[in-house]
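Engineer: Quick one, final_21.cif (mmCIF, C-alpha atoms):
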```cif
data_upload
#
loop_
_atom_site.label_atom_id
_atom_site.label_comp_id
_atom_site.auth_asym_id
_atom_site.auth_seq_id
_atom_site.Cartn_x
_atom_site.Cartn_y
_atom_site.Cartn_z
CA MET A 26 153.99 -81.39 -109.18
CA LEU A 27 150.79 -79.45 -108.99
CA ASP A 28 150.85 -75.88 -110.29
CA ASN A 29 147.69 -74.57 -108.64
CA PRO A 30 146.36 -76.49 -105.62
CA GLY A 31 143.81 -73.77 -104.92
CA LEU A 32 143.62 -71.03 -102.38
CA TYR A 33 142.95 -73.27 -99.38
CA GLY A 34 144.36 -76.58 -100.53
CA PRO A 35 147.42 -78.38 -99.23
CA ARG A 36 150.73 -76.88 -100.33
CA ARG A 37 153.09 -79.76 -99.49
CA PRO A 38 152.97 -83.53 -99.53
CA LEU A 39 152.72 -85.45 -96.31
CA PRO A 40 156.17 -86.39 -94.97
CA LEU A 41 155.88 -90.14 -95.58
CA ARG A 42 154.91 -91.53 -98.98
CA VAL A 43 152.82 -94.61 -99.71
CA GLN A 44 152.95 -96.39 -103.05
CA PRO A 45 149.52 -97.31 -104.40
CA VAL A 46 148.98 -100.96 -105.25
CA PRO A 47 147.72 -101.11 -108.86
CA GLY A 48 143.93 -101.41 -108.79
CA GLU A 49 143.73 -100.36 -105.13
CA SER A 50 140.58 -98.68 -103.90
CA THR A 51 140.93 -94.99 -103.12
CA GLY A 52 139.63 -95.62 -99.60
CA SER A 53 142.30 -98.24 -98.97
CA PHE A 54 145.06 -95.98 -100.31
CA VAL A 55 144.10 -92.91 -98.28
CA ASN A 56 143.72 -95.06 -95.17
CA ARG A 57 147.27 -96.36 -95.60
CA LEU A 58 148.61 -92.87 -96.40
CA ALA A 59 146.95 -91.44 -93.30
CA HIS A 60 148.22 -94.17 -90.99
CA ALA A 61 151.77 -93.98 -92.41
CA ASN A 62 151.79 -90.33 -91.38
CA GLY A 63 150.35 -90.90 -87.91
CA LEU A 64 146.91 -89.53 -88.81
CA SER A 65 143.51 -91.02 -88.23
CA LEU A 66 141.51 -91.40 -91.40
CA ALA A 67 139.08 -88.71 -90.20
CA ALA A 68 141.96 -86.24 -89.65
CA PHE A 69 143.35 -87.03 -93.10
CA LEU A 70 139.98 -86.47 -94.78
CA ASP A 71 139.89 -82.92 -93.44
CA ARG A 72 142.90 -82.25 -95.67
CA VAL A 73 141.17 -83.58 -98.81
CA GLY A 74 138.22 -81.19 -98.63
CA GLN A 75 134.63 -81.32 -97.44
CA GLY A 76 132.70 -84.54 -97.17
CA GLU A 77 130.20 -86.63 -95.33
CA ALA A 78 131.18 -89.18 -92.73
CA PRO A 79 129.56 -90.43 -89.54
CA ALA A 80 130.40 -88.64 -86.31
CA ASP A 81 131.83 -91.89 -84.88
CA PRO A 82 135.59 -91.92 -85.72
CA GLU A 83 135.77 -95.71 -85.30
CA ARG A 84 133.28 -96.16 -88.14
CA VAL A 85 135.31 -93.80 -90.33
CA GLU A 86 138.40 -95.95 -89.71
CA LYS A 87 136.51 -99.04 -90.89
CA TYR A 88 135.38 -97.57 -94.23
CA PRO A 89 138.18 -98.80 -96.50
CA GLN A 90 137.04 -102.40 -96.24
CA SER A 91 133.35 -101.51 -96.49
CA THR A 92 132.90 -98.72 -99.03
CA GLU A 93 134.81 -96.61 -101.52
CA MET A 94 135.91 -92.97 -101.51
CA TYR A 95 135.11 -90.66 -104.42
CA VAL A 96 136.33 -87.10 -105.00
CA ASN A 97 135.65 -84.23 -107.36
CA GLU A 98 138.34 -82.64 -109.56
CA ALA A 99 139.52 -80.31 -106.77
CA GLY A 100 139.60 -83.22 -104.31
CA LEU A 101 141.78 -85.15 -106.76
CA ARG A 102 144.19 -82.19 -106.89
CA TYR A 103 144.32 -81.99 -103.06
CA LEU A 104 144.92 -85.74 -102.81
CA SER A 105 147.67 -85.57 -105.43
CA VAL A 106 149.52 -82.90 -103.42
CA LEU A 107 149.22 -84.89 -100.17
CA ALA A 108 150.36 -88.12 -101.86
CA ASP A 109 153.10 -86.37 -103.91
CA ARG A 110 151.83 -87.98 -107.13
CA SER A 111 150.40 -86.31 -110.22
CA PRO A 112 146.61 -86.45 -110.61
CA GLY A 113 147.05 -88.43 -113.85
CA LEU A 114 149.25 -91.02 -112.18
CA LEU A 115 146.80 -91.43 -109.29
CA GLN A 116 144.00 -91.91 -111.83
CA GLN A 117 146.01 -94.68 -113.52
CA GLU A 118 146.70 -96.47 -110.24
CA LEU A 119 143.38 -96.01 -108.41
CA PRO A 120 140.36 -96.97 -110.56
CA SER A 121 137.83 -94.93 -108.55
CA LEU A 122 139.68 -91.73 -109.47
CA ASN A 123 139.14 -92.22 -113.21
CA ALA A 124 137.45 -89.30 -114.94
CA ASP A 125 134.15 -91.18 -115.22
CA GLN A 126 134.15 -91.77 -111.44
CA LEU A 127 134.88 -88.16 -110.38
CA GLN A 128 132.05 -86.31 -108.69
CA ALA A 129 130.35 -83.56 -110.63
CA GLY A 130 131.75 -80.07 -110.45
CA GLY A 131 134.18 -77.95 -112.39
CA GLU A 132 137.75 -77.04 -111.64
CA ASP A 133 136.64 -73.95 -109.68
CA GLU A 134 134.54 -75.97 -107.22
CA GLU A 135 135.61 -76.58 -103.64
CA ALA A 136 137.35 -79.87 -102.94
CA GLU A 137 134.81 -82.50 -101.95
CA TRP A 138 134.80 -86.19 -101.22
CA ARG A 139 132.10 -88.68 -100.45
CA TRP A 140 132.06 -92.18 -99.09
CA PRO A 141 128.81 -93.94 -100.07
CA TRP A 142 127.83 -97.19 -98.40
CA GLU A 143 128.29 -99.15 -101.63
CA PRO A 144 130.96 -98.69 -104.32
CA LEU A 145 129.49 -97.06 -107.43
CA ALA A 146 131.01 -99.72 -109.69
CA GLY A 147 132.70 -103.01 -108.93
CA HIS A 148 133.51 -104.82 -105.71
CA LEU A 149 136.04 -104.31 -102.94
CA VAL A 150 138.19 -107.44 -102.76
CA ARG A 151 141.10 -107.93 -100.40
CA HIS A 152 144.54 -107.91 -102.00
CA CYS A 153 146.61 -111.02 -101.30
CA PRO A 154 148.22 -110.37 -97.88
CA LEU A 155 151.35 -112.30 -98.90
CA CYS A 156 151.79 -110.02 -101.94
CA GLY A 157 151.18 -107.07 -99.60
CA ASP A 158 153.94 -108.34 -97.31
CA ASP A 159 156.27 -108.61 -100.32
CA LEU A 160 155.46 -104.97 -101.17
CA GLY A 161 155.87 -103.88 -97.54
CA VAL A 162 152.43 -102.26 -97.35
CA GLY A 163 152.03 -102.99 -93.63
CA GLU A 164 148.23 -103.31 -93.52
CA ALA A 165 145.30 -104.74 -95.47
CA VAL A 166 144.86 -103.46 -99.02
CA TRP A 167 141.49 -103.48 -100.78
CA LEU A 168 141.25 -103.61 -104.57
CA MET A 169 138.44 -102.45 -106.84
CA SER A 170 137.46 -105.47 -108.90
CA SER A 171 134.86 -106.06 -111.58
CA ASP A 172 134.29 -109.51 -110.03
CA SER A 173 133.28 -110.23 -106.46
CA TRP A 174 136.29 -112.54 -105.98
CA GLN A 175 139.93 -112.93 -106.98
CA VAL A 176 142.60 -115.60 -106.76
CA CYS A 177 146.27 -114.72 -106.39
CA LEU A 178 147.99 -117.11 -108.80
CA ARG A 179 151.33 -116.54 -107.13
CA HIS A 180 150.24 -117.58 -103.61
CA GLY A 181 146.96 -119.41 -104.22
CA TYR A 182 145.17 -116.90 -101.99
CA TRP A 183 141.43 -116.65 -102.66
CA SER A 184 139.51 -113.57 -101.56
CA ASP A 185 136.05 -112.20 -102.12
CA ASP A 186 134.08 -109.11 -101.26
CA SER A 187 133.12 -110.30 -97.79
CA ARG A 188 134.39 -108.07 -95.00
CA GLY A 189 135.92 -110.83 -92.89
CA ARG A 190 139.22 -112.62 -93.42
#
```
Could you take the file, read its structure, and then write that structure out as structure tokens?
Structural biologist:
Amino acid sequence: MLDNPGLYGPRRPLPLRVQPVPGESTGSFVNRLAHANGLSLAAFLDRVGQGEAPADPERVEKYPQSTEMYVNEAGLRYLSVLADRSPGLLQQELPSLNADQLQAGGEDEEAEWRWPWEPLAGHLVRHCPLCGDDLGVGEAVWLMSSDSWQVCLRHGYWSDDSRGR
């Protein structure tokens, strides 16, 4: 567990946990974590620090399938407390939290996140919904992929980086 979440950061995890799908986008994961706990994505983001999002909450809810979320070091610490997972474990599971993807700023900076219109690296590709059902994820999962498409060998499900089904 986190030793020093900061003066204003979250002190306890959210009541309900969500297991990240390996390779999942950070935006997809936080969307699922928020919804599992009865929060809108916009309300959840307030707990992860400061950031930029449109004023229209419906557009914020649609972000996980359109763009990716990035945080600084403090934002990673806040997210780790909320998710009840160590920062290192989150970085292993969610590619956009890797050290080379963290926003600039030292450990003493305020927690910040940003959600640019395009992922900084890679493509958002939908995870096989049948595999998601097997894992009990309950909603669409988006993966960060180096390719713009993927095929689930288990179910023969083909997906690409288009935003439709």
Engineer: How would you write, as JSON, numbers by chain, the residues chosen by the PyMOL selection byres ((chain A and resi 165) around 9) on this structure?
Structural biologist: {"A": [53, 57, 90, 151, 152, 153, 154, 157, 162, 163, 164, 166, 167]}
Engineer: Just the number, please: distance in Å from atom CA of A:Tyr182 to atom CA of A:Thr51, one decimal.
Structural biologist: 22.3 Å
Engineer: Which residue out of A:Ser111, A:Asn97, A:Asn123, A:Asn62 has the minimum interatomic distance to A:Val43 when all atoms listed in the file are used?
Structural biologist: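 Among the listed residues, A:Asn62 lies closest to A:Val43.
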Engineer: Residues at most 8 Å from stretch 71-77 of chain A, counting only C-alpha atoms, excluding those fewer than 6 positions away in the same chain, as a list in words?
Structural biologist: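 In the requested form, the answer reads Gly34, Pro35, Gly100, Tyr103, Leu104, Glu135, Ala136, Glu137, Trp138, Arg139 and Trp140 of chain A.
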Engineer: Give the answer as one residue: which of A:Leu168, A:Trp142, A:Pro38, A:Asp158 has the shortest atom-to-atom distance to A:Ser50, using all atoms listed in the file?
Structural biologist: A:Leu168
Engineer: Calculated over all atoms listed in the file, which of the candidates A:Arg42, A:His148, A:His60, A:Arg36 has the smallest distance to A:Arg110?
Structural biologist: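 Going through A:Arg42, A:His148, A:His60, A:Arg36 one by one, the smallest distance to A:Arg110 is for A:Arg42.
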Engineer: For A:Ser170, please output as number ranges by chain all residues within 12 Å (counting only C-alpha atoms; exclusion window: fewer than 2 positions along the same chain).
Structural biologist: A: 47-50, 93, 119-121, 144-152, 167-168, 172-176, 184-186
Engineer: Please, what is the axis-aligned box for every listed atom of stretch 151-164 of chain A with 8 Å on each side, as centre and edge lengths in Å to one decimal, as lines of an AutoDock Vina configuration file?
Structural biologist:
```
center_x = 148.7
center_y = -107.3
center_z = -97.8
size_x = 31.2
size_y = 26.0
size_z = 24.5
```
Engineer: Have a look at A:Ala99, A:Ala61, A:Val106, A:Leu115 and name the one nearest to A:Val46; count only C-alpha atoms.
Structural biologist: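 Result for the nearest residue to A:Val46: A:Leu115.
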Engineer: State, in Å with one decimal place, the distance from atom CA of A:Ala59 to atom CA of A:Leu107.
Structural biologist: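 Separation between atom CA of A:Ala59 and atom CA of A:Leu107: 9.8 Å.
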Engineer: Could you tell me how far atom CA of A:Gly113 sits from atom CA of A:Glu143, in Å to one decimal place?
Structural biologist: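 One can read the atom CA of A:Glu143 to atom CA of A:Gly113 distance as 24.8 Å.
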Engineer: Could you tell me which of A:Gln128, A:Thr92, A:Ser171, A:Ser65 comes closest to A:Gly52 if we count only C-alpha atoms?
Structural biologist: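 Closest residue, counting only C-alpha atoms: A:Thr92.
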Engineer: Evaluate the PyMOL selection byres ((chain A and resi 127) around 7) and record the selected residues as a ChimeraX atom specification, following the chain and residue labels used in the document.
Structural biologist: /A:95-98,122-126,128-129
Engineer: Which polymer residues, protein or nucleic acid, are no farther than 6 Å from (153.3, -88.2, -91.6), counting all atoms listed in the file, as a PyMOL selection string?
Structural biologist: chain A and resi 39-41+62-63
